[in-house]
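What follows is the content of upload_23.txt, which has compact mmCIF, C-alpha atoms:
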# COMPACT_ATOMS: atom_id res chain seq x y z
CA MET A 15 -39.59 -5.39 18.96
CA ARG A 16 -36.83 -3.37 17.32
CA THR A 17 -36.73 -1.05 20.35
CA VAL A 18 -36.31 -4.07 22.64
CA ASN A 19 -33.46 -5.38 20.44
CA PHE A 20 -31.84 -1.96 20.52
CA LEU A 21 -32.14 -1.67 24.32
CA ILE A 22 -30.72 -5.16 24.89
CA ALA A 23 -27.75 -4.39 22.61
CA VAL A 24 -27.02 -1.00 24.19
CA VAL A 25 -27.34 -2.21 27.81
CA ALA A 26 -25.21 -5.31 27.15
CA GLY A 27 -22.60 -3.18 25.36
CA LEU A 28 -22.46 -0.66 28.20
CA ILE A 29 -22.12 -3.37 30.85
CA VAL A 30 -19.23 -5.00 28.97
CA LEU A 31 -17.54 -1.63 28.37
CA LEU A 32 -17.90 -0.45 31.98
CA GLY A 33 -16.78 -3.86 33.23
CA TYR A 34 -13.60 -3.46 31.18
CA PHE A 35 -12.82 0.03 32.49
CA PHE A 36 -13.80 -0.69 36.11
CA PRO A 37 -12.78 -4.30 36.82
CA GLY A 38 -13.20 -3.73 40.57
CA LEU A 39 -16.94 -3.10 40.31
CA GLU A 40 -19.58 -5.80 40.70
CA LEU A 41 -20.24 -5.49 36.95
CA ALA A 42 -17.79 -8.33 36.34
CA VAL A 43 -20.45 -10.71 37.69
CA ILE A 44 -22.75 -9.80 34.79
CA ARG A 45 -20.00 -9.09 32.26
CA LYS A 46 -18.51 -12.58 32.23
CA PRO A 47 -21.74 -14.46 31.47
CA LEU A 48 -22.58 -11.87 28.80
CA LEU A 49 -19.25 -12.46 27.07
CA ASP A 50 -19.72 -16.23 27.42
CA TRP A 51 -23.14 -15.96 25.80
CA ALA A 52 -21.62 -13.91 22.97
CA VAL A 53 -19.03 -16.64 22.33
CA THR A 54 -21.73 -19.36 22.41
CA LEU A 55 -24.00 -17.37 20.10
CA SER A 56 -21.10 -16.75 17.74
CA GLY A 57 -20.43 -20.50 17.65
CA VAL A 58 -24.09 -21.23 16.87
CA ALA A 59 -24.04 -18.54 14.16
CA GLY A 60 -20.94 -20.22 12.69
CA LEU A 61 -22.71 -23.58 12.60
CA VAL A 62 -25.82 -22.07 11.00
CA ALA A 63 -23.68 -20.26 8.41
CA ILE A 64 -21.73 -23.44 7.52
CA LEU A 65 -24.92 -25.49 7.16
CA ASN A 66 -26.42 -22.70 5.04
CA LEU A 67 -23.32 -22.67 2.81
CA VAL A 68 -23.25 -26.43 2.32
CA PHE A 69 -26.91 -27.45 2.25
CA HIS A 70 -28.42 -24.32 0.79
CA VAL A 71 -25.99 -22.38 -1.38
CA HIS A 72 -24.04 -25.34 -2.81
CA TRP A 73 -26.96 -27.79 -2.77
CA LYS A 74 -28.98 -25.25 -4.78
CA ARG A 75 -26.16 -25.00 -7.31
CA VAL A 76 -26.16 -28.77 -7.81
CA HIS A 77 -29.94 -28.82 -8.00
CA ASP A 78 -30.15 -25.85 -10.42
CA ASN A 79 -27.52 -27.30 -12.78
CA HIS A 80 -25.09 -24.42 -12.20
CA PRO A 81 -22.06 -24.46 -14.60
CA ARG A 82 -19.83 -25.17 -11.61
CA LYS A 83 -22.07 -27.74 -9.95
CA LEU A 84 -19.23 -30.28 -9.91
CA TYR A 85 -17.23 -28.15 -7.46
CA SER A 86 -20.29 -27.78 -5.27
CA ALA A 87 -20.84 -31.54 -5.29
CA VAL A 88 -17.20 -32.12 -4.28
CA LEU A 89 -17.60 -29.57 -1.46
CA ILE A 90 -20.73 -31.27 -0.12
CA LEU A 91 -19.08 -34.69 -0.30
CA ALA A 92 -15.90 -33.45 1.42
CA PHE A 93 -17.98 -31.81 4.14
CA LEU A 94 -19.97 -34.99 4.80
CA LEU A 95 -16.80 -37.12 4.88
CA THR A 96 -15.12 -34.70 7.32
CA VAL A 97 -18.18 -34.67 9.59
CA ALA A 98 -18.36 -38.49 9.51
CA ALA A 99 -14.64 -38.77 10.29
CA GLY A 100 -15.05 -36.27 13.13
CA VAL A 101 -17.96 -38.22 14.60
CA PHE A 102 -16.24 -41.62 14.43
CA LEU A 103 -12.67 -40.58 15.25
CA ASP A 104 -13.28 -37.64 17.66
CA PRO A 105 -12.12 -34.20 16.37
CA ALA A 106 -9.35 -33.97 19.00
CA SER A 107 -7.83 -37.34 18.11
CA ALA A 108 -4.47 -37.51 16.37
CA GLY A 109 -5.95 -39.61 13.56
CA PHE A 110 -8.58 -37.02 12.67
CA GLN A 111 -6.10 -34.14 12.92
CA LYS A 112 -3.71 -35.99 10.62
CA LEU A 113 -6.51 -36.70 8.14
CA VAL A 114 -7.55 -33.06 7.95
CA THR A 115 -4.16 -31.37 8.08
CA ARG A 116 -2.66 -33.70 5.44
CA VAL A 117 -5.20 -32.38 2.98
CA GLN A 118 -5.46 -28.80 4.18
CA VAL A 119 -1.79 -27.93 4.81
CA PRO A 120 -0.38 -28.92 1.37
CA ILE A 121 -3.23 -27.12 -0.43
CA GLU A 122 -2.88 -23.95 1.62
CA SER A 123 0.94 -24.01 1.41
CA SER A 124 0.84 -24.26 -2.37
CA LEU A 125 -1.70 -21.45 -2.50
CA MET A 126 0.61 -19.26 -0.40
CA ALA A 127 3.42 -20.01 -2.85
CA VAL A 128 1.17 -18.96 -5.74
CA LEU A 129 0.27 -15.85 -3.74
CA ALA A 130 3.94 -14.84 -3.51
CA ILE A 131 4.26 -14.99 -7.30
CA THR A 132 0.92 -13.19 -7.76
CA LEU A 133 2.03 -10.36 -5.48
CA VAL A 134 5.38 -9.99 -7.25
CA PHE A 135 3.64 -9.63 -10.63
CA ALA A 136 1.02 -7.30 -9.18
CA SER A 137 3.75 -5.12 -7.68
CA LEU A 138 5.39 -4.83 -11.09
CA LYS A 139 2.16 -3.30 -12.40
CA ILE A 140 1.78 -0.85 -9.53
CA LEU A 141 2.72 2.20 -11.58
CA GLN A 142 0.04 1.30 -14.12
CA ARG A 143 -2.61 1.29 -11.39
CA HIS A 144 -1.53 4.32 -9.40
CA ARG A 145 -0.44 6.98 -11.86
CA ASN A 146 0.01 9.65 -9.23
CA TRP A 147 2.65 10.84 -6.80
CA MET A 148 1.43 8.44 -4.11
CA GLY A 149 1.84 5.41 -6.36
CA PHE A 150 5.27 6.62 -7.43
CA LEU A 151 6.32 7.18 -3.81
CA PHE A 152 4.99 3.76 -2.80
CA PHE A 153 6.93 2.13 -5.64
CA LEU A 154 10.13 3.98 -4.74
CA SER A 155 9.83 3.10 -1.06
CA VAL A 156 9.20 -0.57 -1.88
CA VAL A 157 12.39 -0.68 -3.97
CA PHE A 158 14.35 1.33 -1.37
CA PHE A 159 13.38 -0.84 1.59
CA LEU A 160 13.89 -4.03 -0.40
CA VAL A 161 17.47 -2.92 -1.04
CA LEU A 162 17.87 -1.72 2.55
CA ASN A 163 16.72 -5.00 4.07
CA SER A 164 18.45 -7.27 1.57
CA GLY A 165 21.82 -6.98 3.32
CA VAL A 166 23.52 -5.36 0.31
CA LEU A 167 24.34 -2.32 2.44
CA ALA A 168 25.89 -4.37 5.27
CA PHE A 169 29.26 -2.66 4.67
CA THR A 170 27.77 0.60 6.05
CA ALA A 171 28.03 -0.85 9.58
CA GLU A 172 31.68 0.28 9.56
CA ILE A 173 30.91 3.89 8.51
CA PRO A 174 29.30 5.69 11.49
CA ILE A 175 27.43 8.39 9.51
CA LEU A 176 25.92 5.93 7.02
CA ARG A 177 25.10 3.45 9.80
CA ASP A 178 23.18 6.10 11.75
CA LEU A 179 21.43 7.32 8.62
CA LEU A 180 20.26 3.82 7.62
CA SER A 181 19.25 3.10 11.18
CA ALA A 182 17.03 6.20 11.03
CA PHE A 183 15.56 4.98 7.72
CA HIS A 184 14.70 1.67 9.40
CA GLN A 185 12.43 3.60 11.76
CA VAL A 186 10.40 5.20 8.93
CA PRO A 187 8.13 2.18 8.19
CA VAL A 188 7.56 1.71 11.93
CA ALA A 189 6.52 5.36 12.28
CA GLY A 190 4.23 5.06 9.25
CA ALA A 191 2.61 1.88 10.61
CA ARG A 192 2.08 3.56 13.99
CA GLY A 193 0.40 6.52 12.32
CA MET A 194 -1.93 4.17 10.42
CA LEU A 195 -2.68 2.19 13.58
CA LEU A 196 -3.56 5.37 15.48
CA GLY A 197 -5.99 6.34 12.73
CA ILE A 198 -7.47 2.84 12.77
CA ALA A 199 -7.82 2.95 16.56
CA LEU A 200 -9.68 6.27 16.34
CA GLY A 201 -11.91 4.91 13.57
CA SER A 202 -12.66 1.79 15.63
CA LEU A 203 -13.45 3.95 18.66
CA VAL A 204 -16.01 6.14 16.88
CA THR A 205 -17.53 3.13 15.08
CA GLY A 206 -17.92 1.42 18.46
CA ILE A 207 -19.55 4.51 19.94
CA ARG A 208 -21.89 4.79 16.94
CA ILE A 209 -23.02 1.20 17.59
CA LEU A 210 -23.29 1.71 21.36
CA THR A 211 -25.41 4.82 20.93
CA GLY A 212 -27.58 3.06 18.36
CA SER A 213 -26.86 5.43 15.49
CA GLU A 214 -25.42 2.49 13.56
CA LYS A 215 -27.31 -0.80 13.88
CA PRO A 216 -25.92 -3.90 12.17
CA TYR A 217 -28.69 -5.84 13.95
CA ASN A 218 -32.13 -5.01 12.66
CA GLY A 219 -34.17 -7.89 14.00
CA MET B 28 -7.28 1.71 39.72
CA LYS B 29 -4.92 2.03 36.76
CA THR B 30 -4.54 5.56 35.38
CA GLU B 31 -4.71 4.42 31.74
CA LEU B 32 -8.09 2.76 32.34
CA ILE B 33 -9.53 5.96 33.83
CA LEU B 34 -8.02 8.01 31.00
CA GLY B 35 -9.43 5.58 28.42
CA PHE B 36 -12.86 5.74 30.00
CA LEU B 37 -12.79 9.55 29.99
CA VAL B 38 -11.83 9.62 26.30
CA VAL B 39 -14.69 7.24 25.41
CA LEU B 40 -17.14 9.19 27.58
CA LEU B 41 -16.08 12.55 26.15
CA ALA B 42 -16.26 11.24 22.58
CA ALA B 43 -19.70 9.64 23.13
CA VAL B 44 -21.24 12.71 24.80
CA TRP B 45 -19.80 15.05 22.21
CA MET B 46 -20.96 12.85 19.35
CA ILE B 47 -24.52 12.75 20.74
CA LEU B 48 -24.56 16.54 21.23
CA LEU B 49 -23.23 17.18 17.73
CA SER B 50 -25.79 14.75 16.25
CA LEU B 51 -28.66 16.53 18.00
CA ARG B 52 -27.40 19.95 16.93
CA LYS B 53 -26.93 18.78 13.34
CA GLN B 54 -30.45 17.33 13.23
CA ARG B 55 -31.88 20.73 14.16
CA GLY B 56 -29.74 22.63 11.66
CA ALA B 57 -29.90 22.21 7.92
CA GLY B 58 -27.33 22.13 5.15
CA GLN B 59 -25.11 19.61 3.44
CA ALA B 60 -21.80 18.71 5.07
CA VAL B 61 -18.69 19.24 3.00
CA PHE B 62 -16.19 16.39 3.17
CA ARG B 63 -12.59 16.08 2.08
CA ARG B 64 -12.67 14.42 -1.32
CA ILE B 65 -11.66 10.77 -1.29
CA PRO B 66 -11.49 9.82 -5.00
CA ALA B 67 -11.84 6.05 -4.36
CA ILE B 68 -15.16 6.51 -2.54
CA ALA B 69 -16.41 8.97 -5.16
CA ARG B 70 -15.66 6.34 -7.82
CA LEU B 71 -17.48 3.69 -5.75
CA ARG B 72 -20.65 5.79 -5.84
CA GLY B 73 -20.27 6.02 -9.61
CA ALA B 74 -19.67 2.27 -9.91
CA VAL B 75 -22.78 1.45 -7.85
CA GLY B 76 -24.82 3.84 -10.02
CA LEU B 77 -23.42 2.21 -13.14
CA SER B 78 -24.25 -1.26 -11.81
CA VAL B 79 -27.88 -0.18 -11.47
CA GLU B 80 -27.89 1.09 -15.05
CA ASP B 81 -26.21 -1.90 -16.69
CA GLY B 82 -27.90 -4.50 -14.47
CA SER B 83 -24.68 -5.83 -12.96
CA ARG B 84 -24.13 -6.88 -9.37
CA VAL B 85 -22.10 -5.37 -6.49
CA HIS B 86 -20.16 -7.79 -4.30
CA VAL B 87 -19.27 -6.68 -0.77
CA SER B 88 -16.62 -8.74 0.99
CA LEU B 89 -16.42 -8.40 4.79
CA GLY B 90 -13.19 -10.36 5.20
CA ASN B 91 -12.57 -13.13 7.67
CA GLY B 92 -12.39 -11.22 10.93
CA ASP B 93 -14.08 -12.65 14.00
CA LEU B 94 -17.19 -10.89 15.31
CA ASN B 95 -15.89 -11.41 18.86
CA ASP B 96 -12.52 -9.90 18.00
CA ALA B 97 -11.39 -6.35 18.82
CA ALA B 98 -10.64 -5.74 15.12
CA ASN B 99 -14.29 -6.22 14.09
CA PRO B 100 -15.27 -2.51 13.64
CA SER B 101 -13.76 -2.59 10.14
CA ALA B 102 -16.26 -5.28 9.09
CA LEU B 103 -19.04 -3.48 11.00
CA ALA B 104 -18.27 -0.38 8.91
CA GLY B 105 -18.41 -2.71 5.89
CA LEU B 106 -21.87 -3.88 6.98
CA ASP B 107 -23.01 -0.28 7.09
CA ALA B 108 -21.59 0.28 3.62
CA LEU B 109 -23.45 -2.86 2.48
CA HIS B 110 -26.68 -1.38 3.84
CA ARG B 111 -26.16 1.77 1.82
CA VAL B 112 -25.15 -0.14 -1.30
CA GLY B 113 -28.31 -2.24 -0.86
CA GLN B 114 -30.39 0.95 -0.75
CA LEU B 115 -28.60 2.56 -3.71
CA SER B 116 -29.01 -0.53 -5.89
CA ALA B 117 -32.64 -1.11 -4.92
CA THR B 118 -33.82 -0.37 -8.46
CA SER B 119 -31.30 -2.78 -9.97
CA ASP B 120 -32.29 -6.22 -11.26
CA GLN B 121 -29.33 -7.64 -9.37
CA PRO B 122 -29.28 -6.93 -5.64
CA PRO B 123 -25.83 -6.86 -3.97
CA VAL B 124 -24.21 -10.02 -2.71
CA CYS B 125 -22.10 -10.24 0.44
CA THR B 126 -19.50 -12.79 1.51
CA SER B 127 -17.87 -13.15 4.92
CA GLY B 128 -15.53 -15.56 6.65
CA ASN B 129 -17.30 -15.60 9.99
CA GLY B 130 -20.69 -17.04 10.93
CA GLY B 131 -21.71 -13.99 12.96
CA PHE B 132 -21.00 -11.60 10.11
CA ALA B 133 -22.76 -13.93 7.66
CA VAL B 134 -25.95 -13.79 9.75
CA LEU B 135 -25.63 -10.01 10.15
CA SER B 136 -25.13 -9.52 6.41
CA LYS B 137 -28.38 -11.40 5.70
CA ASP B 138 -30.10 -9.16 8.24
CA VAL B 139 -28.69 -5.97 6.71
CA LEU B 140 -29.67 -7.02 3.17
CA SER B 141 -33.22 -7.86 4.29
CA GLN B 142 -33.45 -4.52 6.09
CA ALA B 143 -32.32 -2.65 2.95
CA ALA B 144 -34.89 -4.59 0.90
CA ARG B 145 -37.63 -3.75 3.42
CA GLU B 146 -36.75 -0.05 3.40
CA THR B 147 -36.82 0.12 -0.39
CA ASN B 148 -39.92 -2.08 -0.84
CA THR B 149 -37.97 -4.68 -2.81
CA LEU B 150 -38.52 -7.66 -0.53
CA ASP B 151 -39.64 -9.77 -3.52
CA ALA B 152 -36.10 -9.44 -4.96
CA TYR B 153 -34.46 -10.29 -1.63
CA ASP B 154 -32.73 -13.66 -1.49
CA PRO B 155 -31.24 -14.77 1.87
CA ASP B 156 -28.48 -16.54 -0.08
CA HIS B 157 -27.10 -13.17 -1.15
CA GLY B 158 -25.35 -12.92 2.20
CA TYR B 159 -23.34 -15.96 3.17
CA LEU B 160 -20.24 -17.48 4.68
CA SER B 161 -17.88 -18.48 1.88
CA GLY B 162 -15.24 -20.25 3.99
CA VAL B 163 -14.01 -20.43 7.55
CA THR B 164 -10.23 -20.31 7.14
CA PRO B 165 -8.64 -17.25 5.47
CA LEU B 166 -7.75 -19.13 2.27
CA ALA B 167 -11.04 -21.03 2.12
CA TYR B 168 -12.85 -17.72 2.52
CA THR B 169 -10.77 -16.13 -0.23
CA LEU B 170 -11.45 -18.96 -2.67
CA GLY B 171 -15.16 -18.91 -1.87
CA ALA B 172 -15.29 -15.15 -2.44
CA MET B 173 -13.40 -15.55 -5.73
CA GLU B 174 -16.10 -17.97 -6.81
CA VAL B 175 -18.69 -15.21 -6.31
CA MET B 176 -16.51 -12.67 -8.11
CA SER B 177 -16.21 -14.97 -11.11
CA GLU B 178 -19.98 -14.83 -11.71
CA PRO B 179 -20.51 -12.91 -14.98
CA GLY B 180 -22.86 -10.34 -13.42
CA VAL B 181 -20.42 -9.13 -10.74
CA LYS B 182 -18.70 -5.95 -11.93
CA THR B 183 -18.05 -4.11 -8.66
CA ASN B 184 -16.15 -5.54 -5.71
CA VAL B 185 -15.88 -3.80 -2.34
CA PHE B 186 -13.47 -5.28 0.21
CA THR B 187 -13.88 -3.86 3.70
CA GLY B 188 -12.90 -5.79 6.79
CA SER B 189 -10.16 -7.90 8.24
CA PHE B 190 -7.92 -9.54 5.64
CA GLY B 191 -4.49 -11.13 5.49
CA PRO B 192 -1.98 -11.26 2.62
CA GLU B 193 -4.25 -13.78 0.83
CA ALA B 194 -6.48 -10.80 -0.04
CA GLY B 195 -4.03 -10.28 -2.90
CA PHE B 196 -5.84 -13.10 -4.71
CA LEU B 197 -9.15 -11.25 -4.40
CA THR B 198 -7.99 -7.86 -5.62
CA THR B 199 -5.83 -9.31 -8.40
CA ALA B 200 -8.73 -11.45 -9.66
CA SER B 201 -11.10 -8.49 -9.50
CA GLU B 202 -8.72 -6.17 -11.38
CA GLU B 203 -8.02 -8.80 -14.02
CA ARG B 204 -11.73 -9.14 -14.69
CA GLY B 205 -11.93 -5.39 -15.20
CA ALA B 206 -14.31 -4.97 -12.28
CA PHE B 207 -14.31 -1.84 -10.15
CA THR B 208 -12.33 -2.66 -7.00
CA LEU B 209 -12.41 -0.72 -3.75
CA ALA B 210 -10.33 -2.18 -0.93
CA GLY B 211 -9.75 -1.19 2.67
CA SER B 212 -8.74 -3.04 5.81
CA GLU B 213 -7.66 -2.39 9.37
CA SER B 214 -4.71 -4.75 8.85
CA ILE B 215 -1.43 -3.08 7.88
CA ILE B 216 -0.39 -6.14 5.84
CA ALA B 217 -3.67 -6.16 3.91
CA GLN B 218 -3.40 -2.41 3.26
CA SER B 219 0.04 -2.81 1.70
CA VAL B 220 -1.19 -5.77 -0.39
CA PHE B 221 -4.20 -3.72 -1.51
CA MET B 222 -1.97 -0.78 -2.38
CA ALA B 223 0.07 -3.04 -4.65
CA THR B 224 -2.81 -4.91 -6.25
CA ALA B 225 -5.90 -2.67 -6.34
CA ARG B 226 -6.64 0.56 -8.15
CA ASP B 227 -8.88 2.17 -5.53
CA VAL B 228 -7.63 1.80 -1.97
CA ILE B 229 -8.87 3.41 1.23
CA LEU B 230 -6.11 3.66 3.81
CA GLY B 231 -6.19 3.83 7.60
CA GLU B 232 -9.22 5.56 9.06
CA GLU B 233 -10.72 6.21 5.60
CA LEU B 234 -12.25 2.75 5.95
CA TYR B 235 -14.37 3.89 8.88
CA VAL B 236 -15.62 7.01 7.12
CA LEU B 237 -16.95 5.01 4.16
CA PRO B 238 -20.54 4.84 5.54
CA ALA B 239 -20.52 8.60 6.20
CA TYR B 240 -19.48 9.30 2.63
CA LEU B 241 -22.20 7.04 1.27
CA VAL B 242 -25.00 8.51 3.40
CA GLN B 243 -24.86 11.92 5.05
CA ARG B 244 -26.58 11.16 8.34
CA ALA B 245 -26.20 13.54 11.30
CA SER B 246 -24.63 10.89 13.53
CA TYR B 247 -22.02 10.04 10.89
CA ILE B 248 -21.05 13.66 10.40
CA ALA B 249 -20.82 14.09 14.18
CA SER B 250 -18.59 11.02 14.43
CA LEU B 251 -16.29 12.41 11.73
CA LYS B 252 -15.95 15.67 13.64
CA VAL B 253 -15.15 13.83 16.87
CA GLN B 254 -12.65 11.63 15.00
CA ASP B 255 -10.94 14.73 13.58
CA PHE B 256 -10.77 16.39 17.00
CA LEU B 257 -9.33 13.25 18.64
CA ARG B 258 -6.76 12.99 15.85
CA ILE B 259 -5.61 16.57 16.46
CA LEU B 260 -5.53 15.92 20.23
CA LEU B 261 -3.50 12.76 19.78
CA GLY B 262 -1.12 14.39 17.29
CA GLY B 263 -0.60 17.32 19.66
CA ALA B 264 0.07 14.99 22.58
CA LEU B 265 2.63 13.04 20.52
CA VAL B 266 4.46 16.22 19.43
CA ILE B 267 4.48 17.64 22.98
CA GLY B 268 5.66 14.27 24.35
CA ALA B 269 8.50 14.16 21.80
CA LEU B 270 9.52 17.75 22.62
CA LEU B 271 9.48 17.04 26.35
CA LYS B 272 11.62 13.96 25.79
CA LEU B 273 14.06 15.96 23.68
CA ALA B 274 14.27 18.54 26.45
CA GLY B 275 15.01 15.76 28.92
CA ILE B 276 11.91 16.42 31.02
CA LEU B 277 10.24 13.04 30.30
Mind converting the file's structure to structure tokens?
Amino acid sequence: MRTVNFLIAVVAGLIVLLGYFFPGLELAVIRKPLLDWAVTLSGVAGLVAILNLVFHVHWKRVHDNHPRKLYSAVLILAFLLTVAAGVFLDPASAGFQKLVTRVQVPIESSLMAVLAITLVFASLKILQRHRNWMGFLFFLSVVFFLVLNSGVLAFTAEIPILRDLLSAFHQVPVAGARGMLLGIALGSLVTGIRILTGSEKPYNG
Amino acid sequence: MKTELILGFLVVLLAAVWMILLSLRKQRGAGQAVFRRIPAIARLRGAVGLSVEDGSRVHVSLGNGDLNDAANPSALAGLDALHRVGQLSATSDQPPVCTSGNGGFAVLSKDVLSQAARETNTLDAYDPDHGYLSGVTPLAYTLGAMEVMSEPGVKTNVFTGSFGPEAGFLTTASEERGAFTLAGSESIIAQSVFMATARDVILGEELYVLPAYLVQRASYIASLKVQDFLRILLGGALVIGALLKLAGIL
């Protein structure tokens, strides 16, 4: 059975890959339904995972008298209310959207505000965590680019040498990000090949 | 047909063929591969070993990337790391727990954990609830994962996958609890947040080499060699391109 799973995964992967590189070939006829199936399967997996989270993980917590069972009970209740509202109001309706977003948006916005403060405090401790040249360099570059982008050095626009120098500095983070992205692209490529050739199997069946 | 598509196909083909050949050659030969030392991964091995000894739990977080998204290899590498962590902590009383923000990855994490339990004959300790979806939006996922991290037995947290700036909550909470924290992501924003908030960070392509550092399999070593070669090739092409542009030829 595991060999069959492996063969299905490899053949499907190769068809999708070849269909991407050679759009003119007849492979597109098979590629499109395969991708559609993947999206459908992913949706079903999402539904299964949500039901597992609500009616298994959190239900078990309530049942087993977990110290935080109250939170789990609130989660189950909120889930059931949202499903009921979705069924009666239609998920695409303005009423349902308003109902959901008026709860979700304020909570998430306030969490993002807390995140900003959390990150500022965490950044202040950076030299405690990374007591090496890399941590020091990171800290210095954070301070430098904060100053650079704050507008304090706006007067340099009138001094050609300084203007060109700061303009060059502005390119440094872009170059760094590109270097990281190239490394990530290479890592993604070899990981993809490892999965296509079956040497790495996140599906065991 | 577009030139870049043909070029892309040739790169993938060359890399795949070379990786297979290197894997076969490595399987025939013997000897331990020598890797560049990545201190964060070395410390992860130590933390997993310690968790087995003190009976604590390892939490692997796969982030909230979509399985159908092009950025998913980072979480797939995380799944492979989870497999290895599951094997390494087979003798522990507390098997690892895995959270993800996508249904597909949640199902795959259950599968990987069951596979690790089967391989190590610890199926009786396997609980399908050890791999689950903790939330579907980035913040809901983060809060759900923080709930897992707050369990008293969790003393090692591994974050590998797609994250946004909200990952700062995860790493900050983990560090404040004194847990070992290893964080890596394919997202540039998440990497900078991790760098500011976590002690052990894997940057850029180091995330994809994590499985190879945890288990020295021939195919992993071959993939590292191919990755190194492609990096040199790409770097060379960039330098030559820049020189040609400076010379006014391009």
Hey, could you make a per-residue contact list for chain B against chain A with 6 Å as the cut-off, showing the nearest pair of atoms and its distance in Å to one decimal, counting all atoms listed in the file, sorted by chain and number, as JSON lines?
{"residue": "B:Leu32", "atom": "CA", "partner": "A:Phe35", "partner_atom": "CA", "distance": 5.5}
{"residue": "B:Pro100", "atom": "CA", "partner": "A:Ser202", "partner_atom": "CA", "distance": 5.4}
{"residue": "B:Gly130", "atom": "CA", "partner": "A:Gly60", "partner_atom": "CA", "distance": 3.6}
{"residue": "B:Gly131", "atom": "CA", "partner": "A:Ala59", "partner_atom": "CA", "distance": 5.3}
{"residue": "B:Leu160", "atom": "CA", "partner": "A:Ala63", "partner_atom": "CA", "distance": 5.8}
{"residue": "B:Ala223", "atom": "CA", "partner": "A:Ser137", "partner_atom": "CA", "distance": 5.2}
{"residue": "B:Thr224", "atom": "CA", "partner": "A:Ala136", "partner_atom": "CA", "distance": 5.4}
{"residue": "B:Arg226", "atom": "CA", "partner": "A:Arg143", "partner_atom": "CA", "distance": 5.2}
{"residue": "B:Gly231", "atom": "CA", "partner": "A:Met194", "partner_atom": "CA", "distance": 5.1}
{"residue": "B:Glu232", "atom": "CA", "partner": "A:Ile198", "partner_atom": "CA", "distance": 4.9}
{"residue": "B:Tyr235", "atom": "CA", "partner": "A:Gly201", "partner_atom": "CA", "distance": 5.4}
Hey, what's within 6 Å of Gly211 of chain B if we count all atoms listed in the file and toss same-chain stuff fewer than 3 positions away? As a PyMOL selection string, please?
chain B and resi 187+228-229+234
Counting all atoms listed in the file, the option among A:Val161, A:Pro47, A:Lys112, A:Trp73 closest to Ala99 of chain A:
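The shortest atom-to-atom distance to Ala99 of chain A comes from A:Lys112.
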Just the residues within 10 Å of segment 182-187 of chain A, please, counting all atoms listed in the file, with nothing from its chain fewer than 3 positions along; format it as a list in words.
Ser155, Phe158, Phe159, Leu162, Asn163, Leu176, Arg177, Asp178, Leu179, Gly190, Ala191, Arg192 and Gly193 of chain A
Could you please determine the separation between atom CA of Gly162 of chain B and atom CA of Thr198 of chain B in Å, to one decimal place?
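Value for the atom CA of Gly162 of chain B-atom CA of Thr198 of chain B distance: 17.3 Å.
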Please provide the set of residues having any atom within 9 Å of Ala200 of chain B, restricted to all atoms listed in the file, with same-chain residues fewer than 4 positions apart removed, written as a list in words.
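Everything that qualifies: Met173, Met176, Ser177, Gly195, Phe196, Arg204, Gly205 and Ala206 of chain B.
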Name the closest residue to His72 of chain A among the candidates A:Val43, A:Ala87, A:Ile131, A:Val101; distances are taken between atoms, counting only C-alpha atoms.
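The shortest atom-to-atom distance to His72 of chain A comes from A:Ala87.
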Measuring between all atoms listed in the file, which one of B:Ala104, B:Ala239, B:Ile65, B:Leu270 shows the shortest distance to Ser88 of chain B?
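Nearest candidate to Ser88 of chain B out of B:Ala104, B:Ala239, B:Ile65, B:Leu270: B:Ala104.
Atom CA of Val44 of chain B is positioned 25.9 Å from atom CA of Arg111 of chain B.
What separates atom CA of Pro165 of chain B from atom CA of Asn91 of chain B is a distance of 6.1 Å.
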Could you check the closest approach to Gly113 of chain B for each of B:Val38, B:Val85, B:Ala167, B:Ile259 and tell me which residue wins, using all atoms listed in the file?
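The answer is B:Val85, which sits nearest to Gly113 of chain B.
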List the spatial neighbours of Arg72 of chain B as an NGL selection string - criterion: any atom at most 10 Å away, only C-alpha atoms, same-chain residues fewer than 3 positions off excluded.
:B and (67-69 or 75-78 or 112 or 115 or 240-241)
Centre and edge lengths of an axis-aligned box around all listed atoms of segment 197-214 of chain B, with 4 Å added on each side, are to be given in Å to one decimal, as JSON.
{"center_x": -9.5, "center_y": -6.1, "center_z": -2.9, "size_x": 17.6, "size_y": 18.7, "size_z": 32.6}
